[in-house]
file coords09.cif (mmCIF, C-alpha atoms and all ligand atoms)
data_coords
loop_
_atom_site.label_atom_id
_atom_site.label_comp_id
_atom_site.auth_asym_id
_atom_site.auth_seq_id
_atom_site.Cartn_x
_atom_site.Cartn_y
_atom_site.Cartn_z
CA MET A 1 0.00 0.00 0.00
CA SER A 2 1.34 3.42 -0.92
CA VAL A 3 2.07 6.14 1.59
CA ILE A 4 2.18 9.91 1.29
CA GLY A 5 5.76 11.11 1.57
CA PHE A 6 5.83 14.26 3.69
CA ASP A 7 9.00 16.29 3.87
CA ILE A 8 8.29 19.01 6.40
CA GLY A 9 11.29 21.30 6.16
CA THR A 10 12.08 24.53 7.95
CA TYR A 11 11.11 26.51 4.82
CA ALA A 12 8.49 24.40 3.08
CA ALA A 13 6.27 21.38 3.55
CA LYS A 14 6.35 19.06 0.59
CA ALA A 15 4.09 16.05 -0.08
CA LEU A 16 4.07 13.40 -2.78
CA LEU A 17 1.73 10.54 -3.53
CA LEU A 18 2.82 8.02 -6.16
CA SER A 19 1.46 4.84 -7.70
CA ILE A 20 4.14 2.27 -8.37
CA LYS A 21 3.31 -0.62 -10.69
CA GLY A 22 5.44 -3.53 -11.83
CA LYS A 23 9.04 -4.31 -10.99
CA GLY A 24 12.47 -3.91 -12.55
CA LYS A 25 12.57 -2.66 -16.13
CA SER A 26 8.77 -2.76 -16.53
CA GLN A 27 8.20 -0.61 -13.44
CA SER A 28 6.11 2.49 -13.92
CA VAL A 29 5.58 5.33 -11.48
CA THR A 30 2.65 7.72 -11.73
CA LEU A 31 2.18 10.96 -9.89
CA ASP A 32 -1.15 11.01 -8.05
CA GLY A 33 -0.65 14.08 -5.91
CA LEU A 34 1.92 16.75 -5.16
CA GLY A 35 1.75 19.45 -2.53
CA PHE A 36 3.92 22.37 -1.55
CA SER A 37 3.29 24.96 1.11
CA GLN A 38 5.60 27.38 2.86
CA MET A 39 6.13 26.87 6.62
CA PRO A 40 5.79 29.68 9.16
CA SER A 41 9.25 31.12 9.59
CA GLY A 42 11.42 29.76 12.42
CA VAL A 43 8.93 27.38 13.97
CA MET A 44 10.39 24.10 12.66
CA ALA A 45 13.91 25.03 13.72
CA GLN A 46 12.86 24.89 17.36
CA TRP A 47 11.86 21.26 17.81
CA GLU A 48 14.15 20.80 20.78
CA ASP A 49 13.05 23.83 22.81
CA GLN A 50 9.48 24.31 21.65
CA PRO A 51 8.04 21.06 20.37
CA VAL A 52 4.38 22.04 20.74
CA PRO A 53 4.31 24.89 18.17
CA ALA A 54 6.48 22.81 15.80
CA ARG A 55 4.16 19.84 16.13
CA THR A 56 1.08 22.01 15.60
CA ALA A 57 2.59 23.70 12.53
CA MET A 58 3.65 20.35 11.11
CA SER A 59 0.22 18.88 11.60
CA ALA A 60 -1.50 21.93 10.08
CA ALA A 61 0.80 21.74 7.06
CA MET A 62 0.05 18.05 6.49
CA ARG A 63 -3.69 18.68 6.76
CA THR A 64 -3.53 21.59 4.33
CA LEU A 65 -1.56 19.55 1.83
CA VAL A 66 -3.94 16.59 2.05
CA LYS A 67 -6.88 18.92 1.38
CA LEU A 68 -5.34 21.17 -1.23
CA CYS A 69 -3.61 18.49 -3.19
CA LYS A 70 -6.34 15.91 -3.23
CA LEU A 71 -4.17 13.37 -1.47
CA SER A 72 -7.18 11.76 0.15
CA ARG A 73 -6.39 8.37 -1.41
CA GLY A 74 -3.41 8.22 0.92
CA ARG A 75 -4.15 7.26 4.48
CA TYR A 76 -0.64 6.65 5.67
CA ALA A 77 2.16 9.13 6.17
CA ALA A 78 5.92 8.66 5.79
CA LEU A 79 7.95 11.37 7.49
CA SER A 80 11.63 11.97 8.02
CA LEU A 81 13.80 13.35 10.76
CA SER A 82 16.83 15.52 10.34
CA GLY A 83 19.13 17.81 12.22
CA GLU A 84 20.02 17.68 15.87
CA THR A 85 17.06 15.46 16.66
CA MET A 86 19.00 12.35 15.69
CA ILE A 87 22.36 10.65 15.42
CA ILE A 88 23.65 8.69 12.43
CA LYS A 89 26.82 6.64 12.74
CA LYS A 90 28.42 3.97 10.66
CA ILE A 91 29.54 1.26 13.06
CA SER A 92 31.18 -2.11 12.85
CA MET A 93 29.58 -5.02 14.74
CA PRO A 94 29.41 -8.81 14.76
CA VAL A 95 27.35 -10.31 11.92
CA THR A 96 23.59 -10.71 12.50
CA SER A 97 20.58 -10.90 10.19
CA GLN A 98 18.53 -7.76 9.41
CA LYS A 99 15.76 -9.40 11.48
CA GLU A 100 17.85 -9.66 14.64
CA LEU A 101 19.64 -6.41 14.02
CA ARG A 102 17.56 -4.21 16.31
CA GLN A 103 18.11 -6.48 19.28
CA SER A 104 21.86 -6.67 18.77
CA LEU A 105 22.02 -2.94 18.12
CA ALA A 106 20.52 -2.18 21.51
CA LEU A 107 23.64 -3.73 23.06
CA GLU A 108 26.09 -2.13 20.62
CA ALA A 109 24.53 1.32 20.47
CA GLU A 110 25.10 2.43 24.06
CA GLN A 111 28.75 3.36 23.50
CA TYR A 112 27.90 5.61 20.53
CA ILE A 113 24.96 7.57 21.91
CA PRO A 114 25.23 10.49 24.32
CA TYR A 115 21.74 9.86 25.78
CA PRO A 116 20.49 7.06 28.03
CA ILE A 117 19.46 4.20 25.76
CA SER A 118 15.95 4.29 27.24
CA GLU A 119 15.48 7.79 25.79
CA VAL A 120 16.20 6.85 22.19
CA ILE A 121 14.70 4.73 19.47
CA ILE A 122 17.35 2.94 17.48
CA ASP A 123 17.33 1.35 14.08
CA GLY A 124 19.96 0.07 11.72
CA HIS A 125 20.64 -0.68 8.13
CA ILE A 126 23.20 -3.31 7.12
CA LEU A 127 25.63 -1.76 4.63
CA THR A 128 28.18 -4.46 3.98
CA THR A 129 28.19 -8.07 4.99
CA GLU A 130 30.83 -10.09 6.79
CA ASP A 131 34.46 -9.07 6.49
CA SER A 132 37.43 -11.32 7.28
CA TYR A 133 37.04 -10.58 11.02
CA GLY A 134 33.36 -11.66 11.12
CA GLN A 135 32.25 -8.03 11.41
CA MET A 136 29.72 -6.19 9.28
CA SER A 137 29.19 -2.51 8.79
CA VAL A 138 25.89 -1.04 9.87
CA LEU A 139 24.34 2.38 9.71
CA LEU A 140 23.13 3.11 13.21
CA VAL A 141 20.32 5.63 13.48
CA ALA A 142 19.16 6.87 16.86
CA ALA A 143 16.42 9.40 17.42
CA ARG A 144 15.25 10.85 20.71
CA ARG A 145 12.09 8.99 21.71
CA GLU A 146 10.46 12.30 22.55
CA VAL A 147 11.01 13.65 19.02
CA VAL A 148 9.64 10.55 17.32
CA TYR A 149 6.67 10.74 19.68
CA ASN A 150 6.08 14.35 18.62
CA TYR A 151 6.15 13.37 14.93
CA ILE A 152 3.61 10.62 15.58
CA GLN A 153 1.48 13.07 17.56
CA ALA A 154 1.62 15.55 14.66
CA ILE A 155 0.32 12.85 12.32
CA ALA A 156 -2.44 11.91 14.78
CA LEU A 157 -3.44 15.56 15.13
CA THR A 158 -4.30 15.71 11.42
CA LYS A 159 -7.11 13.25 12.20
CA VAL A 160 -6.93 11.99 8.62
CA LEU A 161 -3.53 10.27 8.57
CA LYS A 162 -1.84 7.37 10.29
CA PRO A 163 1.93 6.95 10.73
CA ALA A 164 3.56 4.33 8.51
CA VAL A 165 7.26 5.18 8.23
CA ILE A 166 9.65 7.48 10.09
CA ASP A 167 12.87 7.80 8.09
CA ILE A 168 15.74 10.28 8.02
CA ASP A 169 16.39 12.89 5.30
CA VAL A 170 19.82 11.66 4.22
CA LEU A 171 18.59 8.08 3.81
CA ALA A 172 15.38 9.14 2.03
CA LEU A 173 17.69 10.95 -0.38
CA PHE A 174 19.68 7.76 -0.95
CA ASN A 175 16.49 5.72 -1.40
CA ALA A 176 15.26 8.17 -4.04
CA TYR A 177 18.58 7.85 -5.91
CA ASP A 178 18.67 4.06 -5.54
CA PHE A 179 15.10 3.76 -6.85
CA ILE A 180 15.97 5.65 -9.99
CA TYR A 181 19.44 4.19 -10.48
CA PRO A 182 19.07 0.65 -9.08
CA ASN A 183 22.29 -1.36 -8.85
CA SER A 184 24.40 1.73 -9.41
CA SER A 185 27.97 1.15 -8.32
CA GLU A 186 29.04 4.75 -8.67
CA ASN A 187 30.73 7.02 -6.15
CA VAL A 188 28.01 9.63 -6.31
CA ILE A 189 27.64 12.40 -3.74
CA LEU A 190 24.04 13.47 -3.15
CA VAL A 191 23.70 16.98 -1.76
CA ASP A 192 20.36 18.37 -0.62
CA ILE A 193 20.53 22.11 -0.05
CA GLY A 194 17.63 23.05 2.19
CA ALA A 195 16.87 26.29 3.98
CA SER A 196 18.57 25.64 7.30
CA MET A 197 20.71 22.63 6.45
CA ILE A 198 22.79 20.94 3.83
CA HIS A 199 22.32 17.16 3.80
CA ILE A 200 25.14 15.13 2.29
CA THR A 201 25.07 11.42 1.36
CA VAL A 202 28.37 10.04 0.09
CA LEU A 203 27.99 6.78 -1.81
CA VAL A 204 30.85 4.35 -2.19
CA ASP A 205 30.25 1.80 -4.96
CA GLY A 206 26.56 2.74 -4.92
CA LEU A 207 26.06 2.29 -1.17
CA PRO A 208 25.62 5.02 1.45
CA HIS A 209 28.88 5.45 3.34
CA THR A 210 29.11 8.89 4.91
CA LEU A 211 25.97 10.76 5.90
CA LYS A 212 26.34 14.30 7.14
CA GLU A 213 24.27 17.33 7.88
CA GLU A 214 25.57 20.82 8.52
CA SER A 215 23.56 23.83 9.52
CA VAL A 216 24.21 26.19 6.66
CA GLY A 217 21.50 26.32 4.03
CA GLY A 218 19.78 28.70 1.66
CA GLN A 219 18.38 30.79 4.49
CA ARG A 220 21.90 31.93 5.43
CA LEU A 221 22.38 33.15 1.87
CA THR A 222 19.16 35.21 2.08
CA GLU A 223 20.32 36.71 5.39
CA ASP A 224 23.76 37.56 4.03
CA ILE A 225 22.20 39.29 0.98
CA GLU A 226 19.91 41.22 3.36
CA ASP A 227 22.91 42.35 5.42
CA ALA A 228 25.09 43.19 2.42
CA PHE A 229 22.52 45.53 0.86
CA ASN A 230 20.46 46.46 3.91
CA ILE A 231 17.26 45.23 2.31
CA SER A 232 14.20 43.21 3.41
CA PRO A 233 14.13 39.38 3.49
CA GLU A 234 11.66 39.42 0.57
CA GLU A 235 13.97 41.59 -1.57
CA ALA A 236 16.95 39.41 -0.68
CA GLU A 237 15.06 36.23 -1.56
CA SER A 238 14.09 37.72 -4.90
CA ILE A 239 17.77 38.47 -5.67
CA LYS A 240 18.66 34.93 -4.63
CA PHE A 241 16.01 33.49 -6.97
CA GLY A 242 17.44 35.60 -9.80
CA THR A 243 14.16 37.52 -10.26
CA THR A 244 15.57 40.90 -9.18
CA ALA A 245 18.97 42.31 -10.10
CA PRO A 246 21.23 43.05 -7.09
CA PRO A 247 22.28 46.66 -6.35
CA ASP A 248 25.92 45.64 -6.86
CA LEU A 249 26.71 42.56 -8.95
CA ASN A 250 30.27 42.04 -7.70
CA GLU A 251 29.35 42.33 -4.06
CA CYS A 252 26.45 39.94 -4.61
CA ARG A 253 28.79 37.46 -6.32
CA GLU A 254 31.05 37.59 -3.26
CA VAL A 255 28.15 36.82 -0.93
CA PHE A 256 27.06 33.85 -3.10
CA ASP A 257 30.62 32.54 -3.39
CA ARG A 258 31.14 32.71 0.36
CA ILE A 259 28.08 30.55 1.03
CA VAL A 260 28.88 28.15 -1.81
CA SER A 261 32.39 27.70 -0.40
CA ASN A 262 30.81 26.84 2.98
CA TRP A 263 28.81 24.11 1.25
CA GLN A 264 31.88 22.87 -0.58
CA ALA A 265 33.84 22.80 2.68
CA ALA A 266 31.08 20.66 4.24
CA ILE A 267 31.26 18.27 1.28
CA ASP A 268 35.08 18.27 1.48
CA ARG A 269 34.83 17.21 5.12
CA ALA A 270 32.46 14.38 4.13
CA ILE A 271 34.95 13.29 1.44
CA GLU A 272 37.83 13.39 3.95
CA GLN A 273 35.80 11.33 6.41
CA THR A 274 35.12 8.80 3.65
CA ARG A 275 38.82 8.67 2.73
CA ALA A 276 39.68 7.74 6.31
CA GLU A 277 38.11 4.37 5.52
CA VAL A 278 38.31 4.24 1.73
CA PRO A 279 41.77 5.76 1.13
CA ASN A 280 41.52 6.41 -2.60
CA TYR A 281 37.94 7.61 -2.60
CA ASN A 282 37.05 10.10 -5.29
CA PRO A 283 33.53 11.15 -6.22
CA SER A 284 32.44 10.27 -9.75
CA LYS A 285 29.48 12.63 -9.83
CA ILE A 286 27.75 15.28 -7.71
CA PHE A 287 23.96 15.45 -7.65
CA LEU A 288 22.25 18.54 -6.22
CA ALA A 289 18.74 18.52 -4.78
CA GLY A 290 16.65 20.66 -2.42
CA GLY A 291 15.42 24.20 -3.08
CA GLY A 292 19.01 25.50 -3.14
CA ALA A 293 19.84 23.32 -6.16
CA ASN A 294 17.92 25.86 -8.27
CA ILE A 295 20.44 28.63 -7.58
CA ASN A 296 21.64 29.96 -10.90
CA GLY A 297 25.01 28.60 -11.95
CA LEU A 298 25.43 26.36 -8.90
CA VAL A 299 25.77 23.14 -10.89
CA GLU A 300 28.60 24.68 -12.95
CA GLN A 301 30.32 25.89 -9.78
CA PHE A 302 30.27 22.36 -8.35
CA HIS A 303 31.43 20.88 -11.63
CA ASN A 304 34.38 23.30 -11.76
CA TYR A 305 35.34 22.80 -8.12
CA TYR A 306 35.25 18.99 -8.05
CA ASN A 307 36.16 18.44 -11.69
CA VAL A 308 33.54 15.70 -12.07
CA PRO A 309 30.11 15.82 -13.71
CA ALA A 310 27.54 17.71 -11.62
CA ASP A 311 23.82 17.79 -12.21
CA ILE A 312 20.46 18.54 -10.67
CA PHE A 313 18.78 15.47 -9.19
CA ASN A 314 15.14 15.58 -10.20
CA PRO A 315 13.35 12.32 -9.38
CA LEU A 316 10.12 13.58 -10.96
CA THR A 317 11.72 13.27 -14.40
CA TYR A 318 11.09 9.54 -14.06
CA VAL A 319 7.43 9.86 -13.14
CA LYS A 320 4.43 9.81 -15.48
CA PHE A 321 1.73 12.37 -14.90
CA ASN A 322 -1.44 13.68 -16.38
CA THR A 323 -0.58 16.99 -18.02
CA LYS A 324 -4.17 18.16 -17.52
CA LYS A 325 -3.69 17.81 -13.78
CA PHE A 326 -0.06 18.90 -13.41
CA ASP A 327 1.86 21.63 -15.19
CA ARG A 328 5.03 20.23 -16.78
CA SER A 329 7.15 23.31 -16.24
CA TYR A 330 6.16 23.42 -12.55
CA ILE A 331 7.02 19.73 -12.11
CA ASP A 332 10.42 20.32 -13.74
CA TYR A 333 11.04 23.28 -11.45
CA ILE A 334 9.88 21.76 -8.17
CA GLY A 335 11.30 18.24 -8.75
CA PRO A 336 14.72 18.73 -7.09
CA GLN A 337 13.03 20.19 -4.00
CA MET A 338 10.88 17.02 -3.86
CA ALA A 339 13.83 14.60 -3.61
CA VAL A 340 13.37 13.73 0.09
CA ALA A 341 9.55 13.51 -0.29
CA PHE A 342 10.15 11.17 -3.24
CA GLY A 343 12.42 8.94 -1.16
CA LEU A 344 9.61 8.72 1.40
CA ALA A 345 6.74 8.26 -1.08
CA ILE A 346 8.34 5.15 -2.60
CA ARG A 347 8.23 3.38 0.77
CA SER A 348 5.26 1.13 1.43
CA LYS A 349 3.23 0.70 4.56
CA PRO A 350 4.71 -2.10 6.65
CA GLU A 351 2.46 -5.17 7.11
CA LYS A 352 2.42 -4.67 10.85
CA LEU A 353 2.56 -1.27 12.50
N1 LIG B 401 14.79 29.04 -7.46
C1 LIG B 401 15.48 29.13 -6.33
N2 LIG B 401 16.66 29.79 -6.31
C2 LIG B 401 17.36 29.92 -5.17
N3 LIG B 401 16.99 29.42 -3.98
C3 LIG B 401 15.82 28.76 -3.94
C4 LIG B 401 15.00 28.56 -5.09
N4 LIG B 401 13.92 27.86 -4.74
C5 LIG B 401 14.04 27.64 -3.42
N5 LIG B 401 15.16 28.16 -2.93
C6 LIG B 401 15.65 28.14 -1.53
O1 LIG B 401 15.67 26.80 -1.09
C7 LIG B 401 15.37 26.74 0.31
C8 LIG B 401 14.19 25.85 0.51
O2 LIG B 401 14.48 24.57 0.03
P1 LIG B 401 13.85 23.27 0.67
O3 LIG B 401 12.37 23.29 0.52
O4 LIG B 401 14.58 22.11 0.11
O5 LIG B 401 14.20 23.51 2.22
P2 LIG B 401 13.61 22.81 3.50
O6 LIG B 401 13.49 21.35 3.22
O7 LIG B 401 12.37 23.49 3.93
O8 LIG B 401 14.78 23.12 4.52
P3 LIG B 401 15.58 22.15 5.54
O9 LIG B 401 15.75 20.82 4.89
O10 LIG B 401 16.88 22.84 5.75
O11 LIG B 401 14.74 22.13 6.77
C9 LIG B 401 15.04 28.16 0.75
O12 LIG B 401 16.20 28.74 1.37
C10 LIG B 401 14.71 28.85 -0.57
O13 LIG B 401 14.96 30.24 -0.51
MG MG B 402 14.77 19.72 3.51
#
call {"tool": "encode", "arguments": {"input": "coords09.cif", "output": "structure tokens"}}
result
Amino acid sequence: MSVIGFDIGTYAAKALLLSIKGKGKSQSVTLDGLGFSQMPSGVMAQWEDQPVPARTAMSAAMRTLVKLCKLSRGRYAALSLSGETMIIKKISMPVTSQKELRQSLALEAEQYIPYPISEVIIDGHILTTEDSYGQMSVLLVAARREVVYNYIQAIALTKVLKPAVIDIDVLALFNAYDFIYPNSSENVILVDIGASMIHITVLVDGLPHTLKEESVGGQRLTEDIEDAFNISPEEAESIKFGTTAPPDLNECREVFDRIVSNWQAAIDRAIEQTRAEVPNYNPSKIFLAGGGANINGLVEQFHNYYNVPADIFNPLTYVKFNTKKFDRSYIDYIGPQMAVAFGLAIRSKPEKL
């Protein structure tokens, strides 16, 4: 059964409902519903300190999207966590099956998590199977129980949805890529440039290896443009979108370059971290997603800096849709920003909840 993928970011709430038919080469994906709505400023960034307003805003956004976007066929919601609300770590542990993984992880996880184990929900994903020492490598994901509870509450508050999947942004991004390029063995780096964060997924031979998030996103660029020209957030955003010309082109270029070099430094750190375990690691391609991927000239900047192909990752290119219902140019434009929602919408409701 299909689920609605909800990506509730700090800037915008995104929702996708897909129908997936067939398997392998004969698989076809149809777009049933797509929703986008801006979030009230600041509220989602305060999960830790003020969970109630965040939960209320999240729930309101999901309800609005279900109504506006005619998503009523979907009853189940898939959501994802990001930011300081969770911990992701690649660990090495004795071999177990995926079935027994959670139990074994509970024993292993304690040493990696700065909270009492009773306060977190842990999950894991086996990355590579047995090595010569009988160890396997696992992606350990731990989220504060309280945060997951708030997400589930937000879904319940909509009164029309039930929780089906709680994922994490960086893995949803990988799942979206893996769905479109199954069996890829490339060293791709997936970069989602959101408003408050940049989410980085480094793949080694097609598998997720290093997953990182850093808190510098498109919002910082808007703020820096505001400060540079002493203008309103709306004017700054319009310059960032390329709709209004900046008062001074060179100064504006400097502001853009400064933020882009912050993003590149974050990716460089992820590459370095990967090289600590895979000494000769080099990316073969950079894929950009998230609202920030639309920044004019960004793809070229990444291509020049890393000297590998760079492109926009738009999962909606692979989806069929009724052109009477959806506008093609809008789908092309919004697709990269829908990457996480896509990675969630391709999940199915588990048999047992
Ligand atoms: N055409 C565009 N040009 C430049 N920036 C854009 C464009 N479209 C959107 N953005 C920027 O992208 C950001 C929003 O992207 P996105 O919806 O992926 O963020 P989010 O998921 O809400 O944020 P986060 O994941 O950090 O919580 C905003 O900073 C917005 O200004
Ligand atoms: Mg986001």
call {"tool": "residues_near_ligand", "arguments": {"input": "coords09.cif", "ligand": "ligand MG 402 (chain B)", "cutoff": "10 Å", "atoms": "all atoms listed in the file", "output": "number ranges by chain"}}
result
A: 7-14, 80-83, 169-170, 192-199, 217, 289-292, 337-341
call {"tool": "closest_residue", "arguments": {"input": "coords09.cif", "among": "A:Gln111, A:Gln153, A:Thr323, A:Thr243", "to": "ligand LIG 401 (chain B)", "atoms": "only C-alpha atoms and all ligand atoms"}}
result
A:Thr243
call {"tool": "residues_around", "arguments": {"input": "coords09.cif", "residues": "Glu300 of chain A", "least_positions_apart": "6", "cutoff": "12 Å", "atoms": "all atoms listed in the file", "output": "count of residues only"}}
result
13
call {"tool": "residues_around", "arguments": {"input": "coords09.cif", "residues": "Val147 of chain A", "least_positions_apart": "3", "cutoff": "9 Å", "atoms": "all atoms listed in the file", "output": "PyMOL selection string"}}
result
chain A and resi 47-48+51+81+85-86+143-144+150-152
call {"tool": "residues_around", "arguments": {"input": "coords09.cif", "residues": "Met93 of chain A", "least_positions_apart": "3", "cutoff": "10 Å", "atoms": "all atoms listed in the file", "output": "PyMOL selection string"}}
result
chain A and resi 90+96+104-105+108-109+130+134-138
call {"tool": "closest_residue", "arguments": {"input": "coords09.cif", "among": "A:Asn262, A:Ser41, A:Asn183, A:Gln219", "to": "Gly206 of chain A", "atoms": "only C-alpha atoms"}}
result
A:Asn183
call {"tool": "closest_residue", "arguments": {"input": "coords09.cif", "among": "A:Gly33, A:Pro283, A:Gly24, A:Gly124", "to": "Val319 of chain A", "atoms": "only C-alpha atoms"}}
result
A:Gly33
call {"tool": "residues_around", "arguments": {"input": "coords09.cif", "residues": "Thr64 of chain A", "least_positions_apart": "3", "cutoff": "10 Å", "atoms": "all atoms listed in the file", "output": "JSON, numbers by chain"}}
result
{"A": [13, 35, 36, 37, 58, 59, 60, 61, 67, 68, 69, 70, 158]}
call {"tool": "closest_residue", "arguments": {"input": "coords09.cif", "among": "A:Met62, A:Leu101, A:Ala345, A:Met39", "to": "ligand LIG 401 (chain B)", "atoms": "all atoms listed in the file"}}
result
A:Met39
call {"tool": "atom_distance", "arguments": {"input": "coords09.cif", "atom1": "atom CA of Glu237 of chain A", "atom2": "atom C4 of ligand LIG 401 (chain B)"}}
result
8.4 Å
call {"tool": "closest_residue", "arguments": {"input": "coords09.cif", "among": "A:Ala156, A:Glu84, A:Glu234, A:Gln264", "to": "Glu213 of chain A", "atoms": "only C-alpha atoms"}}
result
A:Glu84
call {"tool": "closest_residue", "arguments": {"input": "coords09.cif", "among": "A:Tyr115, A:Phe174, A:Tyr181, A:Tyr330", "to": "ligand LIG 401 (chain B)", "atoms": "all atoms listed in the file"}}
result
A:Tyr330
call {"tool": "atom_distance", "arguments": {"input": "coords09.cif", "atom1": "atom CA of Lys212 of chain A", "atom2": "atom CA of Ser118 of chain A"}}
result
24.7 Å
call {"tool": "residues_near_point", "arguments": {"input": "coords09.cif", "point": "(-4.9, 10.4, 10.0)", "cutoff": "10 Å", "atoms": "only C-alpha atoms", "output": "ChimeraX atom specification"}}
result
/A:62-63,74-77,154-163
call {"tool": "atom_distance", "arguments": {"input": "coords09.cif", "atom1": "atom CA of Tyr318 of chain A", "atom2": "atom CA of Leu344 of chain A"}}
result
15.6 Å
call {"tool": "decode", "arguments": {"input": "coords09.cif", "residues": "segment 161-182 of chain A", "atoms": "N, CA and C atoms", "output": "mmCIF file, in the first residue's frame"}}
result
data_model
loop_
_atom_site.group_PDB
_atom_site.id
_atom_site.type_symbol
_atom_site.label_atom_id
_atom_site.label_comp_id
_atom_site.auth_asym_id
_atom_site.auth_seq_id
_atom_site.Cartn_x
_atom_site.Cartn_y
_atom_site.Cartn_z
ATOM 1 N N LEU A 161 -4.681 11.092 8.955
ATOM 2 C CA LEU A 161 -3.532 10.269 8.565
ATOM 3 C C LEU A 161 -3.083 9.360 9.697
ATOM 4 N N LYS A 162 -2.442 8.265 9.297
ATOM 5 C CA LYS A 162 -1.841 7.366 10.292
ATOM 6 C C LYS A 162 -0.347 7.253 9.978
ATOM 7 N N PRO A 163 0.491 7.065 11.015
ATOM 8 C CA PRO A 163 1.927 6.952 10.730
ATOM 9 C C PRO A 163 2.272 5.598 10.118
ATOM 10 N N ALA A 164 3.125 5.593 9.114
ATOM 11 C CA ALA A 164 3.558 4.329 8.515
ATOM 12 C C ALA A 164 5.074 4.180 8.582
ATOM 13 N N VAL A 165 5.793 5.258 8.302
ATOM 14 C CA VAL A 165 7.260 5.182 8.231
ATOM 15 C C VAL A 165 7.852 6.452 8.824
ATOM 16 N N ILE A 166 8.862 6.321 9.678
ATOM 17 C CA ILE A 166 9.649 7.485 10.093
ATOM 18 C C ILE A 166 11.079 7.210 9.631
ATOM 19 N N ASP A 167 11.551 8.015 8.695
ATOM 20 C CA ASP A 167 12.867 7.803 8.094
ATOM 21 C C ASP A 167 13.767 8.982 8.472
ATOM 22 N N ILE A 168 14.909 9.104 7.828
ATOM 23 C CA ILE A 168 15.745 10.284 8.015
ATOM 24 C C ILE A 168 16.075 10.871 6.641
ATOM 25 N N ASP A 169 16.226 12.188 6.589
ATOM 26 C CA ASP A 169 16.388 12.886 5.300
ATOM 27 C C ASP A 169 17.494 12.289 4.430
ATOM 28 N N VAL A 170 18.681 12.114 5.023
ATOM 29 C CA VAL A 170 19.824 11.657 4.223
ATOM 30 C C VAL A 170 19.616 10.254 3.635
ATOM 31 N N LEU A 171 18.844 9.414 4.345
ATOM 32 C CA LEU A 171 18.587 8.076 3.806
ATOM 33 C C LEU A 171 17.463 8.106 2.780
ATOM 34 N N ALA A 172 16.467 8.982 3.016
ATOM 35 C CA ALA A 172 15.385 9.139 2.032
ATOM 36 C C ALA A 172 15.993 9.594 0.703
ATOM 37 N N LEU A 173 16.986 10.456 0.804
ATOM 38 C CA LEU A 173 17.689 10.955 -0.378
ATOM 39 C C LEU A 173 18.372 9.795 -1.115
ATOM 40 N N PHE A 174 19.041 8.939 -0.345
ATOM 41 C CA PHE A 174 19.681 7.763 -0.945
ATOM 42 C C PHE A 174 18.634 6.848 -1.586
ATOM 43 N N ASN A 175 17.526 6.612 -0.870
ATOM 44 C CA ASN A 175 16.487 5.716 -1.404
ATOM 45 C C ASN A 175 15.922 6.242 -2.721
ATOM 46 N N ALA A 176 15.764 7.571 -2.805
ATOM 47 C CA ALA A 176 15.259 8.172 -4.041
ATOM 48 C C ALA A 176 16.247 7.888 -5.180
ATOM 49 N N TYR A 177 17.535 8.081 -4.907
ATOM 50 C CA TYR A 177 18.576 7.848 -5.913
ATOM 51 C C TYR A 177 18.602 6.367 -6.318
ATOM 52 N N ASP A 178 18.569 5.498 -5.317
ATOM 53 C CA ASP A 178 18.669 4.057 -5.538
ATOM 54 C C ASP A 178 17.463 3.526 -6.319
ATOM 55 N N PHE A 179 16.316 4.159 -6.135
ATOM 56 C CA PHE A 179 15.103 3.755 -6.848
ATOM 57 C C PHE A 179 15.251 4.070 -8.339
ATOM 58 N N ILE A 180 15.844 5.212 -8.602
ATOM 59 C CA ILE A 180 15.965 5.650 -9.994
ATOM 60 C C ILE A 180 17.181 5.025 -10.682
ATOM 61 N N TYR A 181 18.239 4.841 -9.929
ATOM 62 C CA TYR A 181 19.438 4.192 -10.484
ATOM 63 C C TYR A 181 19.715 2.902 -9.710
ATOM 64 N N PRO A 182 18.850 1.873 -9.863
ATOM 65 C CA PRO A 182 19.069 0.654 -9.082
ATOM 66 C C PRO A 182 20.381 0.001 -9.518
#
